[in-house]
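J.: Data file structure_30.tsv (TSV, C-alpha atoms (C1' of nucleotides)) is appended below.
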chain	number	residue	atom	x	y	z
A	17	MET	CA	88.44	97.70	98.73
A	18	PRO	CA	85.84	96.44	101.14
A	19	GLU	CA	84.87	99.08	103.69
A	20	LEU	CA	81.99	99.14	106.16
A	21	PRO	CA	79.12	98.91	103.60
A	22	GLU	CA	80.83	96.16	101.60
A	23	VAL	CA	81.55	94.19	104.77
A	24	GLN	CA	77.91	94.56	105.81
A	25	THR	CA	76.85	93.38	102.35
A	26	VAL	CA	79.03	90.28	102.67
A	27	ILE	CA	77.56	89.52	106.09
A	28	ASN	CA	74.00	89.99	104.82
A	29	SER	CA	74.64	87.52	102.03
A	30	ILE	CA	76.17	84.72	104.14
A	31	LYS	CA	74.51	85.15	107.53
A	32	LYS	CA	71.39	83.10	106.99
A	33	GLU	CA	73.35	80.05	105.87
A	34	LEU	CA	75.84	80.23	108.73
A	35	ILE	CA	73.80	80.86	111.87
A	36	ASN	CA	73.54	77.68	113.95
A	37	SER	CA	75.81	75.79	111.55
A	38	LYS	CA	78.79	73.87	112.80
A	39	ILE	CA	82.22	74.39	111.28
A	40	ILE	CA	82.73	70.75	110.36
A	41	ARG	CA	86.08	71.23	108.70
A	42	CYS	CA	88.51	74.09	108.11
A	43	GLU	CA	91.06	74.00	105.29
A	44	LEU	CA	93.69	76.72	104.95
A	45	PHE	CA	95.60	77.14	101.70
A	46	TRP	CA	97.89	80.03	102.51
A	47	LYS	CA	100.63	80.04	105.14
A	48	ASN	CA	100.11	83.62	106.30
A	49	ILE	CA	96.32	83.56	106.48
A	50	ILE	CA	96.02	83.63	110.28
A	51	TYR	CA	97.13	86.88	111.89
A	52	ASN	CA	97.38	86.00	115.57
A	53	CYS	CA	98.27	82.33	115.86
A	54	ASN	CA	99.57	79.53	113.66
A	55	ASN	CA	97.37	77.77	111.12
A	56	ASN	CA	97.12	74.44	112.96
A	57	ASP	CA	96.17	76.04	116.26
A	58	PHE	CA	93.52	78.11	114.49
A	59	ILE	CA	91.99	74.97	112.98
A	60	GLN	CA	91.96	73.33	116.42
A	61	PHE	CA	90.27	76.39	117.93
A	62	ILE	CA	87.39	76.60	115.47
A	63	GLU	CA	86.66	73.11	114.16
A	64	ASN	CA	83.47	71.57	115.55
A	65	LYS	CA	82.34	74.88	116.97
A	66	VAL	CA	78.83	76.17	116.28
A	67	ILE	CA	78.34	79.66	114.83
A	68	ASN	CA	75.86	81.36	117.18
A	69	ASP	CA	75.89	84.73	115.44
A	70	ILE	CA	77.72	86.78	112.84
A	71	TYR	CA	78.11	90.56	112.83
A	72	ARG	CA	80.75	93.20	112.30
A	73	LYS	CA	82.67	95.91	114.09
A	74	GLY	CA	84.18	98.34	111.61
A	75	LYS	CA	85.55	96.20	108.81
A	76	TYR	CA	86.02	93.14	111.05
A	77	ILE	CA	83.61	90.25	110.51
A	78	ILE	CA	82.96	88.51	113.81
A	79	TYR	CA	81.73	84.93	114.04
A	80	GLU	CA	80.49	84.33	117.56
A	81	LEU	CA	81.12	80.65	118.26
A	82	ASN	CA	79.76	78.55	121.11
A	83	GLN	CA	83.26	79.04	122.48
A	84	GLY	CA	85.49	81.90	121.32
A	85	PHE	CA	85.34	84.15	118.27
A	86	MET	CA	86.54	83.71	114.72
A	87	VAL	CA	87.26	87.08	113.11
A	88	CYS	CA	87.86	87.84	109.43
A	89	HIS	CA	89.32	90.92	107.78
A	90	LEU	CA	88.96	91.21	103.99
A	91	ARG	CA	91.63	93.91	103.56
A	92	MET	CA	92.00	94.80	99.87
A	93	THR	CA	90.63	91.96	97.80
A	94	GLY	CA	89.09	89.43	100.14
A	95	THR	CA	85.55	88.14	99.95
A	96	LEU	CA	83.45	85.39	101.51
A	97	PHE	CA	80.73	83.40	99.81
A	98	ILE	CA	78.63	80.30	100.23
A	99	THR	CA	79.14	77.59	97.63
A	100	LYS	CA	78.23	73.99	96.99
A	101	ASP	CA	81.34	73.45	94.91
A	102	LYS	CA	84.72	74.26	96.40
A	103	ARG	CA	86.69	73.22	93.33
A	104	ASN	CA	87.91	75.14	90.27
A	105	LYS	CA	87.85	78.62	91.66
A	106	ASN	CA	91.09	80.57	91.67
A	107	HIS	CA	92.53	82.37	94.69
A	108	ILE	CA	90.59	80.44	97.32
A	109	GLN	CA	92.69	80.80	100.46
A	110	ALA	CA	90.40	79.08	102.95
A	111	CYS	CA	87.40	76.78	102.89
A	112	PHE	CA	85.05	75.95	105.76
A	113	THR	CA	82.72	72.99	105.48
A	114	ILE	CA	79.51	74.00	107.20
A	115	LYS	CA	77.12	71.27	106.04
A	116	SER	CA	77.68	67.77	104.71
A	117	SER	CA	75.70	65.55	102.32
A	118	PRO	CA	75.09	67.63	100.40
A	119	ASN	CA	78.16	69.70	101.15
A	120	ILE	CA	77.92	73.43	101.69
A	121	TYR	CA	81.04	75.52	102.08
A	122	LEU	CA	82.00	78.98	103.17
A	123	SER	CA	84.86	80.00	100.89
A	124	PHE	CA	87.34	82.80	101.40
A	125	LYS	CA	88.72	84.20	98.17
A	126	ASP	CA	91.56	86.71	98.20
A	127	ILE	CA	93.70	87.60	95.20
A	128	ARG	CA	96.35	89.68	96.98
A	129	LYS	CA	96.42	87.58	100.15
A	130	PHE	CA	96.31	90.58	102.49
A	131	GLY	CA	93.13	89.35	104.13
A	132	GLY	CA	92.87	86.69	106.78
A	133	PHE	CA	91.52	85.48	110.11
A	134	TYR	CA	92.01	85.86	113.84
A	135	TYR	CA	90.89	83.72	116.71
A	136	PHE	CA	89.97	85.45	119.97
A	137	GLU	CA	88.98	83.66	123.14
A	138	ASP	CA	87.73	87.03	124.40
A	139	ILE	CA	86.41	89.52	121.82
A	140	ARG	CA	87.44	92.43	124.03
A	141	ASN	CA	91.00	91.74	122.85
A	142	LEU	CA	89.83	92.88	119.40
A	143	TYR	CA	87.66	95.75	120.60
A	144	LYS	CA	90.45	97.36	122.57
A	145	LYS	CA	92.53	97.66	119.39
A	146	ILE	CA	89.90	99.53	117.35
A	147	GLY	CA	87.78	102.66	117.73
A	148	THR	CA	84.14	103.62	117.37
A	149	ASP	CA	81.95	102.12	114.69
A	150	PRO	CA	79.81	104.81	112.97
A	151	PHE	CA	76.70	102.80	113.91
A	152	ASP	CA	77.69	102.44	117.58
A	153	LYS	CA	75.46	104.31	119.99
A	154	ILE	CA	78.34	106.44	121.22
A	155	PHE	CA	79.07	107.78	117.73
A	156	THR	CA	77.09	111.00	117.94
A	157	GLU	CA	77.54	114.55	116.70
A	158	SER	CA	78.90	115.63	120.06
A	159	TRP	CA	81.29	112.68	120.19
A	160	LEU	CA	82.69	113.67	116.79
A	161	LEU	CA	82.90	117.36	117.73
A	162	LYS	CA	84.78	116.61	120.91
A	163	ASN	CA	87.17	114.06	119.47
A	164	ILE	CA	88.03	115.82	116.21
A	165	LYS	CA	88.94	118.97	118.12
A	166	LYS	CA	91.21	117.00	120.45
A	167	GLN	CA	93.68	116.15	117.71
A	168	GLN	CA	95.80	118.09	115.28
A	169	ARG	CA	95.94	115.74	112.37
A	170	MET	CA	95.02	116.00	108.71
A	171	ILE	CA	91.33	115.10	108.67
A	172	LYS	CA	91.72	112.44	106.01
A	173	HIS	CA	94.47	110.76	107.99
A	174	LEU	CA	92.34	110.88	111.12
A	175	LEU	CA	89.23	109.44	109.45
A	176	LEU	CA	91.26	106.58	108.00
A	177	ASP	CA	92.64	105.70	111.46
A	178	GLN	CA	90.73	102.62	112.60
A	179	LYS	CA	91.63	103.36	116.21
A	180	PHE	CA	89.60	106.57	115.89
A	181	ILE	CA	86.60	105.54	113.79
A	182	CYS	CA	86.53	101.98	112.50
A	183	GLY	CA	84.88	101.17	109.19
A	184	LEU	CA	85.80	104.07	106.92
A	185	GLY	CA	88.32	103.56	104.13
A	186	ASN	CA	89.54	105.54	101.16
A	187	ILE	CA	86.25	105.60	99.24
A	188	TYR	CA	83.93	106.76	102.01
A	189	VAL	CA	86.41	109.22	103.50
A	190	ASP	CA	86.71	110.98	100.13
A	191	GLU	CA	82.92	110.95	99.70
A	192	SER	CA	82.22	112.23	103.22
A	193	LEU	CA	84.77	115.06	102.94
A	194	TRP	CA	83.40	116.16	99.57
A	195	SER	CA	79.86	116.06	100.91
A	196	SER	CA	80.75	118.21	103.92
A	197	MET	CA	83.02	120.50	101.84
A	198	ILE	CA	86.18	119.89	103.86
A	199	HIS	CA	89.64	119.78	102.29
A	200	PRO	CA	91.26	116.44	103.24
A	201	GLU	CA	94.46	118.14	104.40
A	202	THR	CA	92.70	120.44	106.88
A	203	LEU	CA	94.06	119.95	110.40
A	204	SER	CA	91.30	118.46	112.51
A	205	HIS	CA	91.35	121.06	115.32
A	206	ASN	CA	90.90	123.84	112.73
A	207	ILE	CA	87.60	122.54	111.35
A	208	ASN	CA	84.66	124.62	112.52
A	209	ARG	CA	81.64	123.20	114.33
A	210	LYS	CA	79.32	123.68	111.38
A	211	LYS	CA	81.53	121.56	109.11
A	212	ILE	CA	82.01	118.85	111.73
A	213	LYS	CA	78.24	118.61	112.07
A	214	ALA	CA	77.97	118.36	108.30
A	215	LEU	CA	80.68	115.68	108.33
A	216	TYR	CA	78.79	113.68	110.93
A	217	LYS	CA	75.61	113.72	108.85
A	218	SER	CA	77.55	112.91	105.68
A	219	ILE	CA	79.22	109.86	107.17
A	220	ILE	CA	75.94	108.38	108.40
A	221	ILE	CA	73.91	109.20	105.28
A	222	ILE	CA	76.58	107.98	102.85
A	223	LEU	CA	77.17	104.70	104.72
A	224	GLU	CA	73.44	104.02	105.06
A	225	ASP	CA	72.84	104.79	101.40
A	226	SER	CA	75.73	102.58	100.31
A	227	ILE	CA	74.51	99.67	102.46
A	228	LYS	CA	71.07	100.11	100.90
A	229	HIS	CA	72.70	99.71	97.48
A	230	ASN	CA	74.86	96.74	98.57
A	231	GLY	CA	78.08	98.73	98.60
A	232	THR	CA	80.52	99.79	95.94
A	233	THR	CA	81.78	97.22	93.49
A	234	ILE	CA	85.02	98.30	91.83
A	235	LYS	CA	87.83	96.50	90.08
A	236	ASP	CA	89.50	94.93	93.09
A	237	PHE	CA	86.32	93.92	94.80
A	238	GLU	CA	84.05	92.24	92.32
A	239	PHE	CA	82.03	89.80	94.31
A	240	ASN	CA	79.08	89.75	91.95
A	241	GLN	CA	80.23	86.52	90.39
A	242	PHE	CA	78.69	84.35	93.07
A	243	ASP	CA	75.09	83.27	93.26
A	244	ASN	CA	74.45	84.51	96.76
A	245	MET	CA	76.17	87.85	96.24
A	246	LYS	CA	74.49	90.96	95.03
A	247	THR	CA	76.31	93.44	92.83
A	248	GLY	CA	76.93	96.66	94.71
A	249	THR	CA	75.54	99.61	92.78
A	250	TYR	CA	76.72	102.44	95.00
A	251	LYS	CA	79.52	102.95	92.44
A	252	ASN	CA	76.95	104.80	90.34
A	253	ARG	CA	76.23	107.18	93.19
A	254	LEU	CA	79.82	108.15	94.03
A	255	LYS	CA	80.38	111.91	93.81
A	256	VAL	CA	84.20	112.18	93.82
A	257	TYR	CA	85.87	108.83	94.32
A	258	ASN	CA	87.37	107.58	91.03
A	259	ARG	CA	85.92	110.63	89.27
A	260	ASP	CA	89.12	112.61	88.68
A	261	LYS	CA	89.18	114.63	85.43
A	262	ARG	CA	85.39	114.64	85.48
A	263	LYS	CA	83.02	117.41	86.53
A	264	CYS	CA	82.06	117.99	90.14
A	265	LYS	CA	78.38	117.21	90.53
A	266	ARG	CA	77.89	120.27	92.70
A	267	CYS	CA	79.85	123.07	91.02
A	268	PHE	CA	80.95	121.54	87.69
A	269	ASN	CA	84.63	122.26	88.23
A	270	ILE	CA	87.05	119.46	87.40
A	271	ILE	CA	87.77	116.92	90.14
A	272	ILE	CA	91.46	116.26	90.68
A	273	LYS	CA	93.41	113.43	92.26
A	274	ILE	CA	96.17	114.20	94.76
A	275	ARG	CA	97.99	112.26	97.47
A	276	VAL	CA	97.05	112.71	101.09
A	277	ALA	CA	98.25	110.42	103.87
A	278	SER	CA	99.92	108.28	101.17
A	279	ARG	CA	96.51	107.62	99.62
A	280	GLY	CA	95.04	108.55	96.28
A	281	THR	CA	92.60	111.35	97.16
A	282	HIS	CA	89.84	112.79	95.00
A	283	ILE	CA	88.75	116.37	95.60
A	284	CYS	CA	86.97	119.34	94.10
A	285	LEU	CA	89.25	122.27	94.90
A	286	SER	CA	86.41	124.69	94.40
A	287	CYS	CA	84.12	122.97	96.93
A	288	GLN	CA	86.80	121.82	99.35
A	289	LYS	CA	88.94	124.82	100.25
A	290	LYS	CA	91.76	124.66	102.78
B	1220	DA	C1'	102.10	113.80	118.90
B	1221	DG	C1'	101.93	113.10	114.24
B	1222	DG	C1'	103.72	111.93	109.72
B	1223	DC	C1'	106.09	108.93	106.73
B	1224	DG	C1'	108.36	104.79	104.88
B	1225	DT	C1'	108.32	99.74	104.73
B	1226	DT	C1'	106.21	95.27	104.57
B	1227	DC	C1'	102.86	92.03	103.07
B	1228	DC	C1'	100.78	90.56	97.73
B	1229	DT	C1'	99.06	90.26	92.80
B	1230	DG	C1'	96.80	91.82	88.53
B	1231	DG	C1'	96.84	95.22	85.52
B	1232	DG	C1'	98.46	99.30	83.16
B	1233	DG	C1'	102.08	102.03	80.95
B	1234	DG	C1'	106.21	102.30	78.36
B	1235	DC	C1'	109.05	100.63	74.87
C	1021	DT	C1'	102.41	90.95	70.63
C	1022	DG	C1'	105.22	90.75	74.49
C	1023	DC	C1'	107.94	91.84	78.29
C	1024	DC	C1'	109.33	94.36	82.22
C	1025	DC	C1'	108.57	97.59	85.74
C	1026	DC	C1'	105.84	99.76	88.82
C	1027	DC	C1'	101.89	100.72	91.39
C	1028	DA	C1'	97.44	100.42	94.34
C	1029	DG	C1'	96.32	100.03	99.21
C	1030	DG	C1'	94.57	98.32	105.00
C	1031	DA	C1'	96.96	97.70	108.86
C	1032	DA	C1'	101.08	97.02	111.71
C	1033	DC	C1'	105.37	98.57	112.83
C	1034	DG	C1'	109.61	101.26	113.21
C	1035	DC	C1'	111.74	105.61	112.86
C	1036	DC	C1'	112.25	110.67	113.09
I'd like the structure from this file rewritten - as structure tokens, please.
T.:
Amino acid sequence: MPELPEVQTVINSIKKELINSKIIRCELFWKNIIYNCNNNDFIQFIENKVINDIYRKGKYIIYELNQGFMVCHLRMTGTLFITKDKRNKNHIQACFTIKSSPNIYLSFKDIRKFGGFYYFEDIRNLYKKIGTDPFDKIFTESWLLKNIKKQQRMIKHLLLDQKFICGLGNIYVDESLWSSMIHPETLSHNINRKKIKALYKSIIIILEDSIKHNGTTIKDFEFNQFDNMKTGTYKNRLKVYNRDKRKCKRCFNIIIKIRVASRGTHICLSCQKK
DNA sequence: AGGCGTTCCTGGGGGC
DNA sequence: TGCCCCCAGGAACGCC
């Protein structure tokens, strides 16, 4: 599932082609693809607009247009790629023509159809719904200390909450908690300062390292099939995620998989004590 | 306040 | 080989 590093990798691979391009045409192939308005209105909002910039906040990809903002969320299986040929690819749910003669398209592929787009006239309407991005200036050690202590929630649940920190998902929460030796079911206000500091460092280091390696490519999110996409190799550097029944890289005990916050959760019980 | 179940979807895996 | 069932999960929402 695309999380912050995978979203950044997608942006890095399409940005150059899109900046200063006009969305000449928008075709939508799935009725529920637009989250906050109907498909025809969305097309009216974005067609013939120029893309001034493209960046992300958490897992949201933001296209800054000369008027308004087009926003994309990849959810579980979505991906975006630049192509010269919009035909004969399965699961294409949207196609944006960004150059003509010869044609260049931005395609949105999504097998499970959970992903989609928003249009915002004012981007603050998105920002007020989500929390702090780990690369925002305000995300500091003291911010994390203060805000983790404020709540009494299972730490995994809290870290997955996009209204708290936006960008982390199941993979990087499991990795960060293993790295900082915190059991995912620990109530947030009970975690000591030393471990919260370790958690802060883990989150930043793991995300930076994953971005450097173009993210994690697993089953559901194989975007290496397109010319302009790099294969994420962070999969080879994962310490716990998807490594149940294998040995912990720190203590050599067996990693197990449990359920926390209704999510598959990978832990080393010897490293991550309650 | 915080946790949990449901919904949206489809490919793939397990069981028989 | 084939068929059916069930499951994974990000985010929104309702309920307790």
J.: Find the residues around Glu43 (chain A) up to 9 Å (only C-alpha atoms (C1' of nucleotides) counted), leave out those fewer than 4 positions away in its own chain, and share them as a count of residues only.
T.: 6
J.: Show me a table, sorted first by chain and then by increasing residue number, of the residues of chain C having an atom at most 9 Å from chain A, each with its shortest atom pair and the distance in Å to one decimal, counting all atoms listed in the file and written as a tab-separated table.
T.:
residue	atom	partner	partner_atom	distance
C:DA1028	C1'	A:Gly280	CA	8.7
C:DG1029	C1'	A:Met92	CA	6.8
C:DG1030	C1'	A:Arg91	CA	5.5
C:DA1031	C1'	A:Arg91	CA	8.4
J.: One number please: C1' of DG1224 (chain B) to CA of His173 (chain A), in Å, one decimal.
T.: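 One can read the C1' of DG1224 (chain B) to CA of His173 (chain A) distance as 15.4 Å.
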J.: As a list in words, could you give me every residue of chain A near chain B (at most 7 Å apart, counting only C-alpha atoms (C1' of nucleotides))?
T.: Ile127, Arg128, Lys129, Phe130 and Arg169 of chain A
J.: For the atom pair CA of Asn52 (chain A) and CA of Tyr134 (chain A), what is the interatomic distance in Å to one decimal place?
T.: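 The value is 5.6 Å.
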